[in-house]
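Peer 1: You'll find protein15.txt just under this line, and it carries compact mmCIF, N, CA and C atoms and all ligand atoms.
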```txt
# COMPACT_ATOMS: atom_id res chain seq x y z
N MET A 1 81.46 -83.61 16.81
CA MET A 1 81.32 -82.16 16.77
C MET A 1 81.85 -81.67 15.42
N LYS A 2 81.08 -80.78 14.79
CA LYS A 2 81.54 -80.16 13.54
C LYS A 2 81.71 -78.67 13.85
N VAL A 3 82.96 -78.25 13.89
CA VAL A 3 83.23 -76.90 14.41
C VAL A 3 83.72 -75.95 13.31
N GLY A 4 83.20 -74.75 13.35
CA GLY A 4 83.70 -73.67 12.52
C GLY A 4 84.42 -72.70 13.44
N ILE A 5 85.63 -72.36 13.10
CA ILE A 5 86.42 -71.48 13.97
C ILE A 5 86.52 -70.09 13.33
N ILE A 6 86.20 -69.09 14.13
CA ILE A 6 86.32 -67.70 13.69
C ILE A 6 87.39 -67.02 14.54
N ARG A 7 88.29 -66.36 13.89
CA ARG A 7 89.35 -65.69 14.64
C ARG A 7 89.44 -64.21 14.31
N CYS A 8 90.30 -63.53 15.04
CA CYS A 8 90.49 -62.09 14.89
C CYS A 8 91.32 -61.80 13.63
N MET A 9 90.80 -60.95 12.77
CA MET A 9 91.55 -60.64 11.55
C MET A 9 92.84 -59.87 11.84
N GLN A 10 92.80 -59.07 12.88
CA GLN A 10 94.01 -58.31 13.26
C GLN A 10 95.14 -59.26 13.65
N THR A 11 94.78 -60.36 14.30
CA THR A 11 95.78 -61.31 14.80
C THR A 11 96.32 -62.20 13.69
N GLU A 12 95.55 -62.33 12.64
CA GLU A 12 95.89 -63.23 11.55
C GLU A 12 97.28 -62.92 10.96
N ASP A 13 97.67 -61.66 11.01
CA ASP A 13 98.95 -61.26 10.43
C ASP A 13 100.15 -61.99 11.04
N TYR A 14 100.02 -62.34 12.31
CA TYR A 14 101.17 -62.98 12.95
C TYR A 14 100.84 -64.31 13.61
N CYS A 15 99.64 -64.82 13.38
CA CYS A 15 99.28 -66.11 13.98
C CYS A 15 98.61 -66.99 12.94
N PRO A 16 99.21 -68.13 12.62
CA PRO A 16 98.59 -69.03 11.65
C PRO A 16 97.57 -69.99 12.26
N GLY A 17 97.26 -69.80 13.52
CA GLY A 17 96.22 -70.63 14.13
C GLY A 17 96.68 -72.00 14.60
N THR A 18 97.97 -72.18 14.72
CA THR A 18 98.53 -73.48 15.09
C THR A 18 97.92 -74.02 16.39
N ALA A 19 97.81 -73.16 17.39
CA ALA A 19 97.31 -73.62 18.69
C ALA A 19 95.84 -74.03 18.61
N ASP A 20 95.10 -73.41 17.71
CA ASP A 20 93.70 -73.80 17.53
C ASP A 20 93.60 -75.21 16.94
N PHE A 21 94.36 -75.45 15.90
CA PHE A 21 94.34 -76.77 15.27
C PHE A 21 94.84 -77.84 16.24
N ARG A 22 95.86 -77.47 17.03
CA ARG A 22 96.39 -78.43 18.01
C ARG A 22 95.33 -78.75 19.07
N ALA A 23 94.63 -77.73 19.54
CA ALA A 23 93.62 -77.95 20.57
C ALA A 23 92.53 -78.89 20.07
N VAL A 24 92.16 -78.74 18.81
CA VAL A 24 91.14 -79.64 18.23
C VAL A 24 91.72 -81.05 18.10
N ALA A 25 92.91 -81.15 17.53
CA ALA A 25 93.51 -82.48 17.28
C ALA A 25 93.76 -83.24 18.57
N GLN A 26 94.19 -82.49 19.60
CA GLN A 26 94.55 -83.16 20.86
C GLN A 26 93.43 -83.09 21.90
N LYS A 27 92.32 -82.50 21.52
CA LYS A 27 91.17 -82.33 22.43
C LYS A 27 91.61 -81.72 23.76
N THR A 28 92.23 -80.57 23.64
CA THR A 28 92.63 -79.82 24.83
C THR A 28 91.89 -78.48 24.82
N GLY A 29 92.10 -77.67 25.85
CA GLY A 29 91.47 -76.36 25.91
C GLY A 29 89.96 -76.50 25.88
N ALA A 30 89.33 -75.77 24.99
CA ALA A 30 87.88 -75.78 24.90
C ALA A 30 87.33 -77.12 24.43
N PHE A 31 88.18 -77.95 23.90
CA PHE A 31 87.72 -79.22 23.33
C PHE A 31 88.00 -80.42 24.24
N GLU A 32 88.52 -80.12 25.42
CA GLU A 32 88.79 -81.18 26.38
C GLU A 32 87.47 -81.85 26.79
N GLY A 33 87.48 -83.16 26.81
CA GLY A 33 86.29 -83.89 27.25
C GLY A 33 85.27 -84.15 26.17
N VAL A 34 85.53 -83.65 24.97
CA VAL A 34 84.60 -83.94 23.87
C VAL A 34 84.81 -85.40 23.46
N ALA A 35 83.79 -86.20 23.60
CA ALA A 35 83.94 -87.63 23.35
C ALA A 35 83.93 -87.96 21.86
N GLU A 36 83.10 -87.23 21.13
CA GLU A 36 82.95 -87.53 19.70
C GLU A 36 84.13 -87.03 18.87
N GLU A 37 84.18 -87.46 17.66
CA GLU A 37 85.21 -86.98 16.73
C GLU A 37 84.96 -85.49 16.45
N ILE A 38 86.03 -84.73 16.28
CA ILE A 38 85.86 -83.31 15.97
C ILE A 38 86.35 -83.05 14.56
N GLU A 39 85.45 -82.49 13.77
CA GLU A 39 85.80 -82.15 12.39
C GLU A 39 85.78 -80.63 12.25
N ILE A 40 86.82 -80.07 11.66
CA ILE A 40 86.84 -78.62 11.42
C ILE A 40 86.15 -78.36 10.07
N ILE A 41 85.05 -77.65 10.13
CA ILE A 41 84.28 -77.34 8.92
C ILE A 41 84.90 -76.17 8.16
N GLY A 42 85.44 -75.24 8.91
CA GLY A 42 86.06 -74.08 8.28
C GLY A 42 86.81 -73.26 9.31
N PHE A 43 87.73 -72.45 8.82
CA PHE A 43 88.56 -71.62 9.69
C PHE A 43 88.64 -70.26 9.01
N THR A 44 88.00 -69.28 9.60
CA THR A 44 87.91 -67.99 8.92
C THR A 44 88.13 -66.87 9.94
N ASN A 45 88.14 -65.64 9.46
CA ASN A 45 88.31 -64.54 10.42
C ASN A 45 87.04 -63.70 10.50
N CYS A 46 87.08 -62.74 11.41
CA CYS A 46 85.88 -61.94 11.69
C CYS A 46 85.56 -60.92 10.60
N GLY A 47 86.50 -60.74 9.67
CA GLY A 47 86.28 -59.76 8.61
C GLY A 47 86.81 -58.38 8.94
N GLY A 48 87.40 -58.26 10.12
CA GLY A 48 87.95 -56.96 10.52
C GLY A 48 86.98 -56.18 11.40
N CYS A 49 87.52 -55.20 12.12
CA CYS A 49 86.73 -54.41 13.05
C CYS A 49 85.59 -53.69 12.30
N PRO A 50 84.40 -53.67 12.88
CA PRO A 50 84.03 -54.12 14.22
C PRO A 50 83.44 -55.53 14.27
N GLY A 51 83.80 -56.38 13.36
CA GLY A 51 83.40 -57.78 13.46
C GLY A 51 82.03 -58.12 12.91
N LYS A 52 81.43 -57.20 12.16
CA LYS A 52 80.08 -57.47 11.64
C LYS A 52 80.06 -58.67 10.69
N LYS A 53 81.14 -58.85 9.94
CA LYS A 53 81.17 -59.95 8.97
C LYS A 53 81.23 -61.31 9.66
N ALA A 54 81.60 -61.32 10.93
CA ALA A 54 81.64 -62.59 11.66
C ALA A 54 80.26 -63.24 11.69
N VAL A 55 79.24 -62.41 11.70
CA VAL A 55 77.87 -62.93 11.76
C VAL A 55 77.55 -63.67 10.46
N LEU A 56 77.87 -63.04 9.34
CA LEU A 56 77.64 -63.69 8.04
C LEU A 56 78.48 -64.94 7.91
N ARG A 57 79.71 -64.87 8.37
CA ARG A 57 80.62 -66.00 8.23
C ARG A 57 80.20 -67.16 9.13
N ALA A 58 79.68 -66.85 10.30
CA ALA A 58 79.16 -67.91 11.16
C ALA A 58 77.99 -68.60 10.48
N GLY A 59 77.13 -67.80 9.86
CA GLY A 59 75.98 -68.36 9.14
C GLY A 59 76.42 -69.29 8.02
N GLU A 60 77.47 -68.89 7.33
CA GLU A 60 77.98 -69.72 6.23
C GLU A 60 78.58 -71.02 6.77
N LEU A 61 79.28 -70.92 7.87
CA LEU A 61 79.85 -72.14 8.48
C LEU A 61 78.72 -73.11 8.88
N VAL A 62 77.65 -72.56 9.40
CA VAL A 62 76.51 -73.40 9.79
C VAL A 62 75.88 -74.03 8.54
N ARG A 63 75.73 -73.24 7.50
CA ARG A 63 75.17 -73.79 6.25
C ARG A 63 76.06 -74.91 5.70
N ARG A 64 77.33 -74.82 5.99
CA ARG A 64 78.25 -75.86 5.50
C ARG A 64 78.42 -77.01 6.49
N GLY A 65 77.60 -77.00 7.52
CA GLY A 65 77.57 -78.18 8.39
C GLY A 65 78.04 -77.99 9.82
N ALA A 66 78.50 -76.82 10.19
CA ALA A 66 78.97 -76.63 11.56
C ALA A 66 77.81 -76.69 12.56
N ASP A 67 78.00 -77.45 13.63
CA ASP A 67 77.02 -77.43 14.72
C ASP A 67 77.57 -76.63 15.91
N THR A 68 78.82 -76.20 15.77
CA THR A 68 79.49 -75.44 16.83
C THR A 68 80.32 -74.33 16.19
N ILE A 69 80.25 -73.15 16.77
CA ILE A 69 81.13 -72.06 16.34
C ILE A 69 82.06 -71.75 17.51
N ALA A 70 83.34 -71.81 17.24
CA ALA A 70 84.32 -71.46 18.28
C ALA A 70 84.93 -70.11 17.92
N LEU A 71 84.86 -69.19 18.85
CA LEU A 71 85.57 -67.92 18.69
C LEU A 71 86.98 -68.16 19.23
N ALA A 72 87.96 -68.04 18.37
CA ALA A 72 89.33 -68.36 18.77
C ALA A 72 89.78 -67.48 19.93
N SER A 73 90.77 -67.95 20.63
CA SER A 73 91.22 -67.26 21.84
C SER A 73 91.75 -65.85 21.59
N CYS A 74 92.11 -65.56 20.35
CA CYS A 74 92.56 -64.20 20.03
C CYS A 74 91.41 -63.20 20.18
N ILE A 75 90.18 -63.66 20.13
CA ILE A 75 89.05 -62.72 20.22
C ILE A 75 88.79 -62.34 21.68
N ARG A 76 88.34 -63.28 22.49
CA ARG A 76 87.96 -62.90 23.86
C ARG A 76 89.16 -62.74 24.79
N LYS A 77 90.15 -63.62 24.62
CA LYS A 77 91.31 -63.55 25.53
C LYS A 77 92.37 -62.57 25.01
N GLY A 78 92.32 -62.29 23.72
CA GLY A 78 93.34 -61.41 23.15
C GLY A 78 94.67 -62.10 22.93
N THR A 79 94.65 -63.41 22.94
CA THR A 79 95.86 -64.20 22.72
C THR A 79 96.43 -63.90 21.33
N PRO A 80 97.73 -63.80 21.10
CA PRO A 80 98.79 -63.99 22.09
C PRO A 80 99.32 -62.70 22.68
N VAL A 81 98.75 -61.55 22.36
CA VAL A 81 99.35 -60.30 22.85
C VAL A 81 98.58 -59.68 24.02
N GLY A 82 97.52 -60.36 24.46
CA GLY A 82 96.76 -59.84 25.59
C GLY A 82 95.94 -58.61 25.24
N TYR A 83 95.35 -58.62 24.04
CA TYR A 83 94.54 -57.48 23.60
C TYR A 83 93.19 -58.01 23.14
N PRO A 84 92.27 -58.22 24.09
CA PRO A 84 90.96 -58.78 23.74
C PRO A 84 90.18 -57.86 22.80
N CYS A 85 89.34 -58.47 22.02
CA CYS A 85 88.50 -57.72 21.07
C CYS A 85 87.42 -56.94 21.81
N PRO A 86 87.32 -55.63 21.60
CA PRO A 86 86.29 -54.85 22.29
C PRO A 86 84.88 -55.13 21.75
N PHE A 87 84.79 -55.85 20.65
CA PHE A 87 83.48 -56.12 20.04
C PHE A 87 83.02 -57.57 20.27
N ALA A 88 83.79 -58.32 21.06
CA ALA A 88 83.53 -59.76 21.19
C ALA A 88 82.12 -60.07 21.68
N LYS A 89 81.66 -59.35 22.69
CA LYS A 89 80.36 -59.65 23.28
C LYS A 89 79.24 -59.45 22.25
N LYS A 90 79.32 -58.34 21.55
CA LYS A 90 78.30 -58.03 20.54
C LYS A 90 78.33 -59.06 19.41
N MET A 91 79.55 -59.39 19.01
CA MET A 91 79.72 -60.37 17.94
C MET A 91 79.04 -61.68 18.33
N GLU A 92 79.30 -62.12 19.54
CA GLU A 92 78.74 -63.38 20.01
C GLU A 92 77.21 -63.30 20.09
N GLU A 93 76.69 -62.19 20.57
CA GLU A 93 75.23 -62.02 20.66
C GLU A 93 74.59 -62.13 19.28
N LEU A 94 75.22 -61.49 18.30
CA LEU A 94 74.64 -61.48 16.95
C LEU A 94 74.76 -62.85 16.28
N ILE A 95 75.82 -63.56 16.58
CA ILE A 95 75.96 -64.92 16.03
C ILE A 95 74.86 -65.81 16.63
N GLU A 96 74.61 -65.63 17.91
CA GLU A 96 73.54 -66.40 18.58
C GLU A 96 72.20 -66.13 17.93
N LYS A 97 71.98 -64.88 17.56
CA LYS A 97 70.72 -64.49 16.92
C LYS A 97 70.63 -65.07 15.50
N GLU A 98 71.76 -65.02 14.78
CA GLU A 98 71.80 -65.51 13.40
C GLU A 98 71.63 -67.03 13.34
N ALA A 99 72.20 -67.71 14.29
CA ALA A 99 72.17 -69.18 14.26
C ALA A 99 71.83 -69.70 15.66
N PRO A 100 70.56 -69.59 16.06
CA PRO A 100 70.18 -69.93 17.43
C PRO A 100 70.42 -71.40 17.81
N SER A 101 70.50 -72.27 16.83
CA SER A 101 70.65 -73.69 17.16
C SER A 101 72.11 -74.09 17.38
N VAL A 102 73.01 -73.19 17.04
CA VAL A 102 74.42 -73.56 17.09
C VAL A 102 74.99 -73.37 18.51
N ARG A 103 75.94 -74.23 18.85
CA ARG A 103 76.64 -74.10 20.12
C ARG A 103 77.80 -73.12 19.91
N ILE A 104 77.96 -72.17 20.81
CA ILE A 104 79.06 -71.22 20.67
C ILE A 104 80.08 -71.45 21.79
N ILE A 105 81.31 -71.59 21.40
CA ILE A 105 82.39 -71.74 22.38
C ILE A 105 83.21 -70.45 22.34
N GLY A 106 83.46 -69.85 23.48
CA GLY A 106 84.07 -68.53 23.53
C GLY A 106 85.58 -68.48 23.49
N TYR A 107 86.23 -69.63 23.37
CA TYR A 107 87.69 -69.65 23.25
C TYR A 107 88.08 -70.98 22.61
N THR A 108 89.36 -71.14 22.34
CA THR A 108 89.80 -72.42 21.77
C THR A 108 90.88 -73.08 22.63
N HIS A 109 91.83 -72.30 23.10
CA HIS A 109 92.92 -72.90 23.89
C HIS A 109 93.31 -71.99 25.04
S1 LIG B 1 86.51 -56.99 15.47
FE1 LIG B 1 87.68 -57.86 17.14
S2 LIG B 1 88.16 -59.90 16.45
FE2 LIG B 1 87.70 -58.69 14.63
S3 LIG B 1 89.62 -57.75 13.88
FE3 LIG B 1 88.66 -56.30 15.27
S4 LIG B 1 89.63 -56.74 17.26
FE4 LIG B 1 89.93 -58.57 15.95
```
Rewrite the structure of this file - the entire thing - as structure tokens.
Ligand code: SF4
Peer 2:
Amino acid sequence: MKVGIIRCMQTEDYCPGTADFRAVAQKTGAFEGVAEEIEIIGFTNCGGCPGKKAVLRAGELVRRGADTIALASCIRKGTPVGYPCPFAKKMEELIEKEAPSVRIIGYTH
């Protein structure tokens, strides 16, 4: 699996993404049961509210080899403060439209 991870820009201020990298390295959370090797192609943020830049960034991750886009848990789950992104659904829909062949994972850990 070649994964590009997109996270919430608001959360970036206080989260360095440690749990995301751990989940990939240890194949836990969204990556549990993945048999193949997992390579992180890139780790970027949504570009800020309302997340329109996430679509462009997902496209760039795919151009750079990602076959999977993971929306970090800070987006849908609102981890770690319990404040989910109100634009998550739309963001995911538009990423699907931009890169129909890519697998989208809605969380990381
Ligand atoms: S659009 Fe959502 S994911 Fe992006 S900064 Fe705003 S709240 Fe975070």
Peer 1: Assign secondary structure with DSSP using the backbone only, and return the residues of chain A in strand (DSSP E or B) as a PyMOL selection string.
Peer 2: chain A and resi 2-7+39-45+68-71+103-105
Peer 1: Give me, as a VMD selection string, all polymer residues having an atom no more than 12 Å from A:Pro50, counting only C-alpha atoms and skipping those fewer than 6 positions away in the same chain.
Peer 2: chain A and resid 8 to 10 75 85 to 91
Peer 1: How big is the axis-aligned box, and where does its centre sit, when it encloses all atoms of ligand LIG 1 (chain B) listed in the file and has 4 Å added on every side, reported in Å to one decimal as lines of an AutoDock Vina configuration file?
Peer 2:
```
center_x = 88.2
center_y = -58.1
center_z = 15.6
size_x = 11.4
size_y = 11.6
size_z = 11.4
```
Peer 1: Identify which of the residues A:Ala70, A:Ala99, A:Gly82, A:Ile41 lies closest to A:Gly29, counting only C-alpha atoms when measuring atom-to-atom distances.
Peer 2: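 Counting only C-alpha atoms, the residue closest to A:Gly29 is A:Ala70.
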Peer 1: May I have the protein, DNA and RNA residues with an atom at most 6 Å from (77.7, -79.7, 12.5), counting all atoms listed in the file in the file's coordinates, returned as an NGL selection string?
Peer 2: :A and (1-3 or 65-68)
Peer 1: To one decimal place in Å, what is the distance between atom N of A:Glu96 and atom CA of A:Ala30?
Peer 2: 18.1 Å
Peer 1: To one decimal place, how far is atom CA of A:Lys53 from atom C of A:Glu37 in Å?
Peer 2: 26.9 Å
Peer 1: For each of A:Gly42, A:Gly17, A:Leu94, A:Arg103, take the minimum atom-to-atom distance to A:Glu60, counting only C-alpha atoms, then give the residue where this is smallest.
Peer 2: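 Closest to A:Glu60 of all the choices is A:Gly42.
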Peer 1: What is the distance between atom CA of A:Pro84 and atom FE1 of ligand LIG 1 (chain B), in Å to one decimal?
Peer 2: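 Atom-to-atom, atom CA of A:Pro84 to atom FE1 of ligand LIG 1 (chain B), that is 7.4 Å.
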Peer 1: Taking all atoms listed in the file into account, which of A:Thr44, A:Lys52, A:Asp20, A:Glu39 comes nearest ligand LIG 1 (chain B)?
Peer 2: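 Ranked by minimum distance to ligand LIG 1 (chain B), first place goes to A:Lys52.
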Peer 1: Which polymer residues have any atom within 6.5 Å of an atom of A:Ala19, counting only N, CA and C atoms, with same-chain residues fewer than 4 positions away left out, as JSON, numbers by chain?
Peer 2: {"A": [23, 24, 108, 109]}
Peer 1: Restricting the output to N, CA and C atoms, write the selected residues as a PDB file, in the coordinates of the input.
Peer 2:
```
ATOM      1  N   ALA A  23      94.630 -77.730  19.540  1.00  0.00           N
ATOM      2  CA  ALA A  23      93.620 -77.950  20.570  1.00  0.00           C
ATOM      3  C   ALA A  23      92.530 -78.890  20.070  1.00  0.00           C
ATOM      4  N   VAL A  24      92.160 -78.740  18.810  1.00  0.00           N
ATOM      5  CA  VAL A  24      91.140 -79.640  18.230  1.00  0.00           C
ATOM      6  C   VAL A  24      91.720 -81.050  18.100  1.00  0.00           C
ATOM      7  N   THR A 108      89.360 -71.140  22.340  1.00  0.00           N
ATOM      8  CA  THR A 108      89.800 -72.420  21.770  1.00  0.00           C
ATOM      9  C   THR A 108      90.880 -73.080  22.630  1.00  0.00           C
ATOM     10  N   HIS A 109      91.830 -72.300  23.100  1.00  0.00           N
ATOM     11  CA  HIS A 109      92.920 -72.900  23.890  1.00  0.00           C
ATOM     12  C   HIS A 109      93.310 -71.990  25.040  1.00  0.00           C
TER      13      HIS A 109
END
```
Peer 1: My list of candidates is A:Pro80, A:Pro100, A:Gly48, A:Gly4. Which is closest to ligand LIG 1 (chain B) when distances are computed with only N, CA and C atoms and all ligand atoms?
Peer 2: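 When distances to ligand LIG 1 (chain B) are compared using only N, CA and C atoms and all ligand atoms, the smallest one comes from A:Gly48.
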Peer 1: For ligand LIG 1 (chain B), which residue out of A:Val55, A:Ile69, A:Cys74, A:Ile38 is the nearest one, using only C-alpha atoms and all ligand atoms?
Peer 2: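 The answer is A:Cys74, which sits nearest to ligand LIG 1 (chain B).
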Peer 1: Between A:Pro16, A:Gly51, A:Gly106, A:Gly78, which has the minimum distance to ligand LIG 1 (chain B) (counting only C-alpha atoms and all ligand atoms)?
Peer 2: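 Going through A:Pro16, A:Gly51, A:Gly106, A:Gly78 one by one, the smallest distance to ligand LIG 1 (chain B) is for A:Gly51.
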Peer 1: Run DSSP on the backbone of this structure and report the residues of chain A it assigns to helix (DSSP H, G or I), as a VMD selection string.
Peer 2: chain A and resid 9 to 12 18 to 26 29 to 31 53 to 63 73 to 76 88 to 98
